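Everything below concerns the one structure shown next.
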Amino acid sequence: MSSIISHLIEWVSGFFLLAGGFLCISGGVGLLRMPDFFSRIHASGMTETLAAPMLLCGLMLQMEWSLDLVKVLMILIFILATNPTATHSMAKAALHGGLRPLVKEPGDDEKGEVSSKT
C-alpha cells in the first residue's frame, strides 16, 4: 500500500513540475510576442501566479517533512499574496503615467494593426 501511495505522489509531483515548466515557457513566449505593455504584464502575472506555485507544489511533494518543507510553503504563501498585487500595481502605475492599452478599432482585422486609444 505504501508503494502505491509513493508512486502516486511521484506522478502528481511530476505533473505539477511539468505543468509549471510548461507555464513558465508559455509565459516567456507571451512576454516576447505580446504587442503592448498591458498584454505583457498579463503574461508575466499569469506566469508568476500559476507557474511558480505549481513548481513549488511539485517540489514540496518531493520533500520529506522537515523545516525545508515549511520554508517552501512560506515562500508559496508569499508568492500567492504578493504577485497579483504587484502586477496590479504596475498596471495601475502605467495607466496613471498615461500609457494606454492597444485597442482594436472596427476594420483593424484586415490591416492587422491596432491603435492606442488616449
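Each chain in the C-alpha cells gets a letter, A, B and so on, in the order shown; residues start at 1 in every chain, and ligands are counted from 1 in the order they appear.
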Shell around segment 59-74 of chain A at 9 Å using only C-alpha atoms, local window under 2 positions removed, as an NGL selection string = :A and (9-10 or 12-13 or 16-17 or 54-57 or 76-79)
Since we have the selection now, will you write its residues out, keeping C-alpha atoms, as a PDB file, in the first residue's frame?
ATOM      1  CA  ILE A   9       2.908  11.120  -5.106  1.00  0.00           C
ATOM      2  CA  GLU A  10       5.699  10.800  -7.694  1.00  0.00           C
ATOM      3  CA  VAL A  12       1.369  14.023  -9.060  1.00  0.00           C
ATOM      4  CA  SER A  13       4.674  15.758  -8.351  1.00  0.00           C
ATOM      5  CA  PHE A  16       2.959  19.709 -11.185  1.00  0.00           C
ATOM      6  CA  LEU A  17       6.580  20.135 -12.259  1.00  0.00           C
ATOM      7  CA  MET A  54       2.844  24.667  -9.382  1.00  0.00           C
ATOM      8  CA  LEU A  55       6.614  24.243  -9.372  1.00  0.00           C
ATOM      9  CA  LEU A  56       6.768  24.769  -5.622  1.00  0.00           C
ATOM     10  CA  CYS A  57       3.940  22.270  -5.026  1.00  0.00           C
ATOM     11  CA  LEU A  76       4.464  29.696  -1.730  1.00  0.00           C
ATOM     12  CA  ILE A  77       2.169  31.726   0.515  1.00  0.00           C
ATOM     13  CA  PHE A  78       4.301  34.837  -0.010  1.00  0.00           C
ATOM     14  CA  ILE A  79       4.202  34.415  -3.803  1.00  0.00           C
TER      15      ILE A  79
END
Per DSSP on the backbone, filter chain A down to the residues in strand (DSSP E or B) and report them as a list in words.
->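 Reading the DSSP output for chain A, strand (DSSP E or B) covers Leu102, Val103, Ser115 and Ser116 of chain A.
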What lies within 8 Å of Gly30 of chain A using only C-alpha atoms, ignoring chain neighbours under 4 positions off, as number ranges by chain?
-> A: 26, 34, 40, 43-44
Mind dumping the selected residues with all heavy atoms as a PDB file, in the first residue's frame?
ATOM      1  N   SER A  26       5.508  29.081 -21.681  1.00  0.00           N
ATOM      2  CA  SER A  26       4.460  29.817 -22.397  1.00  0.00           C
ATOM      3  C   SER A  26       4.389  31.269 -21.939  1.00  0.00           C
ATOM      4  O   SER A  26       4.108  32.169 -22.731  1.00  0.00           O
ATOM      5  CB  SER A  26       3.107  29.133 -22.229  1.00  0.00           C
ATOM      6  OG  SER A  26       2.701  29.172 -20.881  1.00  0.00           O
ATOM      7  N   MET A  34       3.722  39.399 -27.168  1.00  0.00           N
ATOM      8  CA  MET A  34       2.588  40.298 -26.944  1.00  0.00           C
ATOM      9  C   MET A  34       2.909  41.708 -27.434  1.00  0.00           C
ATOM     10  O   MET A  34       4.041  42.162 -27.354  1.00  0.00           O
ATOM     11  CB  MET A  34       2.209  40.327 -25.462  1.00  0.00           C
ATOM     12  CG  MET A  34       1.688  39.020 -24.945  1.00  0.00           C
ATOM     13  SD  MET A  34       0.103  38.635 -25.665  1.00  0.00           S
ATOM     14  CE  MET A  34      -0.167  37.024 -24.995  1.00  0.00           C
ATOM     15  N   ARG A  40       1.760  42.159 -21.993  1.00  0.00           N
ATOM     16  CA  ARG A  40       2.971  41.531 -21.455  1.00  0.00           C
ATOM     17  C   ARG A  40       2.894  41.374 -19.938  1.00  0.00           C
ATOM     18  O   ARG A  40       3.326  40.367 -19.387  1.00  0.00           O
ATOM     19  CB  ARG A  40       4.200  42.345 -21.829  1.00  0.00           C
ATOM     20  CG  ARG A  40       4.527  42.231 -23.289  1.00  0.00           C
ATOM     21  CD  ARG A  40       5.709  43.062 -23.669  1.00  0.00           C
ATOM     22  NE  ARG A  40       5.963  42.901 -25.095  1.00  0.00           N
ATOM     23  CZ  ARG A  40       6.612  43.761 -25.823  1.00  0.00           C
ATOM     24  NH1 ARG A  40       7.102  44.853 -25.267  1.00  0.00           N
ATOM     25  NH2 ARG A  40       6.786  43.547 -27.105  1.00  0.00           N
ATOM     26  N   ALA A  43       0.776  38.407 -19.194  1.00  0.00           N
ATOM     27  CA  ALA A  43       1.507  37.148 -19.384  1.00  0.00           C
ATOM     28  C   ALA A  43       2.462  36.891 -18.226  1.00  0.00           C
ATOM     29  O   ALA A  43       2.544  35.771 -17.714  1.00  0.00           O
ATOM     30  CB  ALA A  43       2.270  37.179 -20.705  1.00  0.00           C
ATOM     31  N   SER A  44       3.164  37.912 -17.778  1.00  0.00           N
ATOM     32  CA  SER A  44       4.094  37.710 -16.670  1.00  0.00           C
ATOM     33  C   SER A  44       3.346  37.463 -15.357  1.00  0.00           C
ATOM     34  O   SER A  44       3.787  36.660 -14.528  1.00  0.00           O
ATOM     35  CB  SER A  44       5.029  38.907 -16.523  1.00  0.00           C
ATOM     36  OG  SER A  44       4.321  40.043 -16.071  1.00  0.00           O
TER      37      SER A  44
END
May I have all residues of chain A that DSSP, computed from the backbone, assigns to alpha helix (DSSP H), given as a VMD selection string?
-> chain A and resid 2 to 33 37 to 46 52 to 62 67 to 96 108 to 111
